[in-house]
>>> print(open('query_28.pdb').read())   # PDB, C-alpha atoms
ATOM      1  CA  MET A  24       0.000   0.000   0.000  1.00  0.00           C
ATOM      2  CA  LEU A  25       1.243   3.463  -0.918  1.00  0.00           C
ATOM      3  CA  THR A  26       0.198   6.566   1.026  1.00  0.00           C
ATOM      4  CA  LEU A  27       0.287   9.819  -0.944  1.00  0.00           C
ATOM      5  CA  THR A  28      -0.695  13.409  -0.186  1.00  0.00           C
ATOM      6  CA  SER A  29      -3.779  15.111  -1.610  1.00  0.00           C
ATOM      7  CA  VAL A  30      -3.956  18.895  -1.640  1.00  0.00           C
ATOM      8  CA  ILE A  31      -7.446  20.175  -2.416  1.00  0.00           C
ATOM      9  CA  HIS A  32      -8.529  23.756  -2.978  1.00  0.00           C
ATOM     10  CA  LYS A  33     -11.609  25.460  -4.372  1.00  0.00           C
ATOM     11  CA  GLU A  34     -11.566  27.340  -7.673  1.00  0.00           C
ATOM     12  CA  ASP A  35     -14.877  29.024  -8.430  1.00  0.00           C
ATOM     13  CA  ASP A  36     -17.476  26.208  -8.284  1.00  0.00           C
ATOM     14  CA  THR A  37     -14.945  23.368  -8.624  1.00  0.00           C
ATOM     15  CA  PHE A  38     -12.619  21.617  -6.202  1.00  0.00           C
ATOM     16  CA  VAL A  39      -9.127  20.933  -7.573  1.00  0.00           C
ATOM     17  CA  ALA A  40      -7.071  18.079  -6.112  1.00  0.00           C
ATOM     18  CA  GLU A  41      -3.330  17.629  -6.611  1.00  0.00           C
ATOM     19  CA  CYS A  42      -0.852  14.943  -5.582  1.00  0.00           C
ATOM     20  CA  PRO A  43       2.532  16.656  -5.069  1.00  0.00           C
ATOM     21  CA  GLU A  44       4.548  13.413  -4.878  1.00  0.00           C
ATOM     22  CA  VAL A  45       3.413  12.261  -8.337  1.00  0.00           C
ATOM     23  CA  GLY A  46       2.341  15.493 -10.035  1.00  0.00           C
ATOM     24  CA  THR A  47      -1.174  14.349 -10.887  1.00  0.00           C
ATOM     25  CA  ALA A  48      -4.248  16.558 -10.624  1.00  0.00           C
ATOM     26  CA  SER A  49      -7.993  16.223 -11.006  1.00  0.00           C
ATOM     27  CA  GLN A  50     -11.190  17.991 -10.037  1.00  0.00           C
ATOM     28  CA  GLY A  51     -14.721  17.434  -8.808  1.00  0.00           C
ATOM     29  CA  LYS A  52     -17.962  19.123  -7.772  1.00  0.00           C
ATOM     30  CA  ASN A  53     -17.148  18.538  -4.091  1.00  0.00           C
ATOM     31  CA  ILE A  54     -14.155  17.555  -1.969  1.00  0.00           C
ATOM     32  CA  GLU A  55     -15.021  13.860  -1.944  1.00  0.00           C
ATOM     33  CA  GLU A  56     -15.419  13.693  -5.726  1.00  0.00           C
ATOM     34  CA  ALA A  57     -12.181  15.610  -6.298  1.00  0.00           C
ATOM     35  CA  ALA A  58     -10.303  13.244  -3.947  1.00  0.00           C
ATOM     36  CA  GLU A  59     -11.766  10.131  -5.601  1.00  0.00           C
ATOM     37  CA  ASN A  60     -10.995  11.459  -9.098  1.00  0.00           C
ATOM     38  CA  LEU A  61      -7.426  12.237  -8.020  1.00  0.00           C
ATOM     39  CA  LYS A  62      -7.022   8.734  -6.616  1.00  0.00           C
ATOM     40  CA  GLU A  63      -8.188   7.218  -9.911  1.00  0.00           C
ATOM     41  CA  ALA A  64      -5.970   9.526 -11.993  1.00  0.00           C
ATOM     42  CA  THR A  65      -2.955   8.760  -9.807  1.00  0.00           C
ATOM     43  CA  GLU A  66      -3.529   4.994  -9.948  1.00  0.00           C
ATOM     44  CA  LEU A  67      -3.743   5.118 -13.757  1.00  0.00           C
ATOM     45  CA  TYR A  68      -0.620   7.278 -13.955  1.00  0.00           C
ATOM     46  CA  LEU A  69       1.365   4.951 -11.683  1.00  0.00           C
ATOM     47  CA  GLU A  70       0.386   1.913 -13.785  1.00  0.00           C
ATOM     48  CA  GLU A  71       2.139   3.564 -16.731  1.00  0.00           C
ATOM     49  CA  PHE A  72       4.924   5.343 -14.834  1.00  0.00           C
ATOM     50  CA  PRO A  73       5.803   3.511 -11.584  1.00  0.00           C
ATOM     51  CA  LEU A  74       7.660   5.465  -8.906  1.00  0.00           C
ATOM     52  CA  LYS A  75      11.373   4.670  -8.811  1.00  0.00           C
ATOM     53  CA  SER A  76      11.791   6.221  -5.386  1.00  0.00           C
ATOM     54  CA  MET A  77       9.441   7.824  -2.918  1.00  0.00           C
ATOM     55  CA  GLN A  78      10.099  11.151  -1.252  1.00  0.00           C
ATOM     56  CA  ARG A  79       7.419  12.414   1.086  1.00  0.00           C
ATOM     57  CA  SER A  80       6.257  15.992   0.786  1.00  0.00           C
ATOM     58  CA  PHE A  81       6.420  18.235   3.805  1.00  0.00           C
ATOM     59  CA  ILE A  82       3.339  20.370   4.237  1.00  0.00           C
ATOM     60  CA  THR A  83       3.268  23.345   6.564  1.00  0.00           C
ATOM     61  CA  THR A  84       1.277  26.513   7.071  1.00  0.00           C
ATOM     62  CA  SER A  85       2.387  30.122   7.475  1.00  0.00           C
ATOM     63  CA  ASP A  86       0.708  33.048   9.165  1.00  0.00           C
ATOM     64  CA  LEU A  87       0.761  36.176   6.995  1.00  0.00           C
TER      65      LEU A  87
END
>>> encode(input="query_28.pdb", output="structure tokens")
Amino acid sequence: MLTLTSVIHKEDDTFVAECPEVGTASQGKNIEEAAENLKEATELYLEEFPLKSMQRSFITTSDL
């Protein structure tokens, strides 16, 4: 099992989901749909282009 990061943000009426470790992206009408679409897109991508090594992303927040 592989655990990857999903970053989801809203753009107008659509939620955009991105996987920073792989570089895949997708979208959906809600957060759940965007996450599921990203999972499917990432699985399909990894079937064609398997990861040679895995580096975890570090996610942090900043106060501005």
>>> resolve_selection(input="query_28.pdb", expression="the PyMOL selection byres ((chain A and resi 27) around 8)", output="ChimeraX atom specification")
/A:25-26,28-29,42,44,79
>>> write_last_selection(input="query_28.pdb", atoms="C-alpha atoms", output="mmCIF file, in the frame of the given file")
data_model
loop_
_atom_site.group_PDB
_atom_site.id
_atom_site.type_symbol
_atom_site.label_atom_id
_atom_site.label_comp_id
_atom_site.auth_asym_id
_atom_site.auth_seq_id
_atom_site.Cartn_x
_atom_site.Cartn_y
_atom_site.Cartn_z
ATOM 1 C CA LEU A 25 1.243 3.463 -0.918
ATOM 2 C CA THR A 26 0.198 6.566 1.026
ATOM 3 C CA THR A 28 -0.695 13.409 -0.186
ATOM 4 C CA SER A 29 -3.779 15.111 -1.610
ATOM 5 C CA CYS A 42 -0.852 14.943 -5.582
ATOM 6 C CA GLU A 44 4.548 13.413 -4.878
ATOM 7 C CA ARG A 79 7.419 12.414 1.086
#
>>> closest_residue(input="query_28.pdb", among="A:Ala40, A:Val30, A:Ile82, A:Leu74", to="Ala57 of chain A", atoms="all atoms listed in the file")
A:Ala40
>>> residues_around(input="query_28.pdb", residues="Asn53 of chain A", least_positions_apart="6", cutoff="12 Å", atoms="all atoms listed in the file", output="MDAnalysis selection string")
chainID A and resid 31:40 59:60
>>> residues_near_point(input="query_28.pdb", point="(9.5, 8.9, -8.0)", cutoff="7 Å", atoms="only C-alpha atoms", output="list in words")
Val45, Leu74, Lys75, Ser76 and Met77 of chain A
>>> atom_distance(input="query_28.pdb", atom1="atom CA of Leu61 of chain A", atom2="atom CA of Ser49 of chain A")
5.0 Å
>>> decode(input="query_28.pdb", residues="segment 68-81 of chain A", atoms="all heavy atoms", output="PDB file, in the first residue's frame")
ATOM      1  N   TYR A  68      -1.947   6.745 -13.643  1.00  0.00           N
ATOM      2  CA  TYR A  68      -0.620   7.278 -13.955  1.00  0.00           C
ATOM      3  C   TYR A  68       0.470   6.325 -13.487  1.00  0.00           C
ATOM      4  O   TYR A  68       1.423   6.034 -14.217  1.00  0.00           O
ATOM      5  CB  TYR A  68      -0.449   8.656 -13.306  1.00  0.00           C
ATOM      6  CG  TYR A  68       0.906   9.268 -13.551  1.00  0.00           C
ATOM      7  CD1 TYR A  68       1.150  10.011 -14.704  1.00  0.00           C
ATOM      8  CD2 TYR A  68       1.951   9.089 -12.658  1.00  0.00           C
ATOM      9  CE1 TYR A  68       2.400  10.561 -14.943  1.00  0.00           C
ATOM     10  CE2 TYR A  68       3.193   9.637 -12.885  1.00  0.00           C
ATOM     11  CZ  TYR A  68       3.413  10.366 -14.033  1.00  0.00           C
ATOM     12  OH  TYR A  68       4.651  10.901 -14.279  1.00  0.00           O
ATOM     13  N   LEU A  69       0.333   5.825 -12.245  1.00  0.00           N
ATOM     14  CA  LEU A  69       1.365   4.951 -11.683  1.00  0.00           C
ATOM     15  C   LEU A  69       1.426   3.591 -12.375  1.00  0.00           C
ATOM     16  O   LEU A  69       2.468   2.939 -12.356  1.00  0.00           O
ATOM     17  CB  LEU A  69       1.153   4.786 -10.177  1.00  0.00           C
ATOM     18  CG  LEU A  69       1.443   6.048  -9.359  1.00  0.00           C
ATOM     19  CD1 LEU A  69       1.067   5.821  -7.903  1.00  0.00           C
ATOM     20  CD2 LEU A  69       2.890   6.472  -9.487  1.00  0.00           C
ATOM     21  N   GLU A  70       0.336   3.149 -12.988  1.00  0.00           N
ATOM     22  CA  GLU A  70       0.386   1.913 -13.785  1.00  0.00           C
ATOM     23  C   GLU A  70       1.327   2.089 -14.966  1.00  0.00           C
ATOM     24  O   GLU A  70       2.054   1.174 -15.337  1.00  0.00           O
ATOM     25  CB  GLU A  70      -1.016   1.559 -14.310  1.00  0.00           C
ATOM     26  CG  GLU A  70      -1.929   0.966 -13.280  1.00  0.00           C
ATOM     27  CD  GLU A  70      -3.315   0.667 -13.835  1.00  0.00           C
ATOM     28  OE1 GLU A  70      -3.496   0.686 -15.082  1.00  0.00           O
ATOM     29  OE2 GLU A  70      -4.212   0.417 -13.023  1.00  0.00           O
ATOM     30  N   GLU A  71       1.316   3.275 -15.555  1.00  0.00           N
ATOM     31  CA  GLU A  71       2.139   3.564 -16.731  1.00  0.00           C
ATOM     32  C   GLU A  71       3.548   4.023 -16.353  1.00  0.00           C
ATOM     33  O   GLU A  71       4.512   3.728 -17.043  1.00  0.00           O
ATOM     34  CB  GLU A  71       1.438   4.643 -17.563  1.00  0.00           C
ATOM     35  CG  GLU A  71       1.906   4.755 -18.980  1.00  0.00           C
ATOM     36  CD  GLU A  71       1.566   3.545 -19.834  1.00  0.00           C
ATOM     37  OE1 GLU A  71       0.544   2.881 -19.602  1.00  0.00           O
ATOM     38  OE2 GLU A  71       2.367   3.256 -20.748  1.00  0.00           O
ATOM     39  N   PHE A  72       3.652   4.763 -15.257  1.00  0.00           N
ATOM     40  CA  PHE A  72       4.924   5.343 -14.834  1.00  0.00           C
ATOM     41  C   PHE A  72       5.153   5.060 -13.348  1.00  0.00           C
ATOM     42  O   PHE A  72       4.934   5.933 -12.504  1.00  0.00           O
ATOM     43  CB  PHE A  72       4.937   6.856 -15.074  1.00  0.00           C
ATOM     44  CG  PHE A  72       4.635   7.250 -16.492  1.00  0.00           C
ATOM     45  CD1 PHE A  72       3.368   7.711 -16.839  1.00  0.00           C
ATOM     46  CD2 PHE A  72       5.593   7.142 -17.479  1.00  0.00           C
ATOM     47  CE1 PHE A  72       3.066   8.067 -18.143  1.00  0.00           C
ATOM     48  CE2 PHE A  72       5.310   7.506 -18.786  1.00  0.00           C
ATOM     49  CZ  PHE A  72       4.035   7.962 -19.121  1.00  0.00           C
ATOM     50  N   PRO A  73       5.595   3.852 -12.998  1.00  0.00           N
ATOM     51  CA  PRO A  73       5.803   3.511 -11.584  1.00  0.00           C
ATOM     52  C   PRO A  73       6.862   4.412 -10.936  1.00  0.00           C
ATOM     53  O   PRO A  73       7.799   4.859 -11.592  1.00  0.00           O
ATOM     54  CB  PRO A  73       6.286   2.065 -11.623  1.00  0.00           C
ATOM     55  CG  PRO A  73       6.059   1.576 -13.006  1.00  0.00           C
ATOM     56  CD  PRO A  73       5.927   2.761 -13.899  1.00  0.00           C
ATOM     57  N   LEU A  74       6.683   4.663  -9.650  1.00  0.00           N
ATOM     58  CA  LEU A  74       7.660   5.465  -8.906  1.00  0.00           C
ATOM     59  C   LEU A  74       8.945   4.673  -8.736  1.00  0.00           C
ATOM     60  O   LEU A  74       8.920   3.513  -8.348  1.00  0.00           O
ATOM     61  CB  LEU A  74       7.116   5.832  -7.529  1.00  0.00           C
ATOM     62  CG  LEU A  74       5.964   6.817  -7.483  1.00  0.00           C
ATOM     63  CD1 LEU A  74       5.506   7.019  -6.039  1.00  0.00           C
ATOM     64  CD2 LEU A  74       6.377   8.151  -8.087  1.00  0.00           C
ATOM     65  N   LYS A  75      10.079   5.321  -9.015  1.00  0.00           N
ATOM     66  CA  LYS A  75      11.373   4.670  -8.811  1.00  0.00           C
ATOM     67  C   LYS A  75      11.832   4.842  -7.375  1.00  0.00           C
ATOM     68  O   LYS A  75      12.469   3.988  -6.802  1.00  0.00           O
ATOM     69  CB  LYS A  75      12.390   5.247  -9.788  1.00  0.00           C
ATOM     70  CG  LYS A  75      12.073   4.881 -11.221  1.00  0.00           C
ATOM     71  CD  LYS A  75      13.112   5.449 -12.163  1.00  0.00           C
ATOM     72  CE  LYS A  75      12.900   5.011 -13.570  1.00  0.00           C
ATOM     73  NZ  LYS A  75      11.807   5.560 -14.276  1.00  0.00           N
ATOM     74  N   SER A  76      11.489   5.972  -6.793  1.00  0.00           N
ATOM     75  CA  SER A  76      11.791   6.221  -5.386  1.00  0.00           C
ATOM     76  C   SER A  76      10.680   7.108  -4.838  1.00  0.00           C
ATOM     77  O   SER A  76       9.988   7.796  -5.579  1.00  0.00           O
ATOM     78  CB  SER A  76      13.143   6.904  -5.214  1.00  0.00           C
ATOM     79  OG  SER A  76      13.117   8.190  -5.780  1.00  0.00           O
ATOM     80  N   MET A  77      10.529   7.082  -3.539  1.00  0.00           N
ATOM     81  CA  MET A  77       9.441   7.824  -2.918  1.00  0.00           C
ATOM     82  C   MET A  77      10.003   8.839  -1.940  1.00  0.00           C
ATOM     83  O   MET A  77      10.719   8.469  -1.017  1.00  0.00           O
ATOM     84  CB  MET A  77       8.517   6.847  -2.194  1.00  0.00           C
ATOM     85  CG  MET A  77       7.409   7.479  -1.436  1.00  0.00           C
ATOM     86  SD  MET A  77       6.277   8.308  -2.549  1.00  0.00           S
ATOM     87  CE  MET A  77       5.157   8.946  -1.361  1.00  0.00           C
ATOM     88  N   GLN A  78       9.730  10.102  -2.189  1.00  0.00           N
ATOM     89  CA  GLN A  78      10.099  11.151  -1.252  1.00  0.00           C
ATOM     90  C   GLN A  78       8.817  11.811  -0.779  1.00  0.00           C
ATOM     91  O   GLN A  78       8.009  12.265  -1.593  1.00  0.00           O
ATOM     92  CB  GLN A  78      11.007  12.186  -1.903  1.00  0.00           C
ATOM     93  CG  GLN A  78      12.388  11.663  -2.188  1.00  0.00           C
ATOM     94  CD  GLN A  78      13.294  12.755  -2.698  1.00  0.00           C
ATOM     95  OE1 GLN A  78      12.859  13.687  -3.341  1.00  0.00           O
ATOM     96  NE2 GLN A  78      14.573  12.632  -2.415  1.00  0.00           N
ATOM     97  N   ARG A  79       8.618  11.815   0.523  1.00  0.00           N
ATOM     98  CA  ARG A  79       7.419  12.414   1.086  1.00  0.00           C
ATOM     99  C   ARG A  79       7.495  13.931   0.988  1.00  0.00           C
ATOM    100  O   ARG A  79       8.558  14.524   1.143  1.00  0.00           O
ATOM    101  CB  ARG A  79       7.259  12.014   2.555  1.00  0.00           C
ATOM    102  CG  ARG A  79       7.074  10.545   2.788  1.00  0.00           C
ATOM    103  CD  ARG A  79       5.764   9.995   2.331  1.00  0.00           C
ATOM    104  NE  ARG A  79       4.669  10.728   2.991  1.00  0.00           N
ATOM    105  CZ  ARG A  79       3.431  10.645   2.615  1.00  0.00           C
ATOM    106  NH1 ARG A  79       3.086   9.898   1.617  1.00  0.00           N
ATOM    107  NH2 ARG A  79       2.502  11.311   3.242  1.00  0.00           N
ATOM    108  N   SER A  80       6.351  14.540   0.767  1.00  0.00           N
ATOM    109  CA  SER A  80       6.257  15.992   0.786  1.00  0.00           C
ATOM    110  C   SER A  80       6.089  16.460   2.220  1.00  0.00           C
ATOM    111  O   SER A  80       5.485  15.776   3.043  1.00  0.00           O
ATOM    112  CB  SER A  80       5.038  16.456  -0.020  1.00  0.00           C
ATOM    113  OG  SER A  80       5.209  16.162  -1.367  1.00  0.00           O
ATOM    114  N   PHE A  81       6.627  17.612   2.515  1.00  0.00           N
ATOM    115  CA  PHE A  81       6.420  18.235   3.805  1.00  0.00           C
ATOM    116  C   PHE A  81       5.427  19.368   3.601  1.00  0.00           C
ATOM    117  O   PHE A  81       5.627  20.227   2.745  1.00  0.00           O
ATOM    118  CB  PHE A  81       7.729  18.789   4.371  1.00  0.00           C
ATOM    119  CG  PHE A  81       8.718  17.698   4.692  1.00  0.00           C
ATOM    120  CD1 PHE A  81       9.692  17.347   3.796  1.00  0.00           C
ATOM    121  CD2 PHE A  81       8.623  17.029   5.897  1.00  0.00           C
ATOM    122  CE1 PHE A  81      10.596  16.337   4.081  1.00  0.00           C
ATOM    123  CE2 PHE A  81       9.520  16.001   6.201  1.00  0.00           C
ATOM    124  CZ  PHE A  81      10.507  15.652   5.293  1.00  0.00           C
TER     125      PHE A  81
END
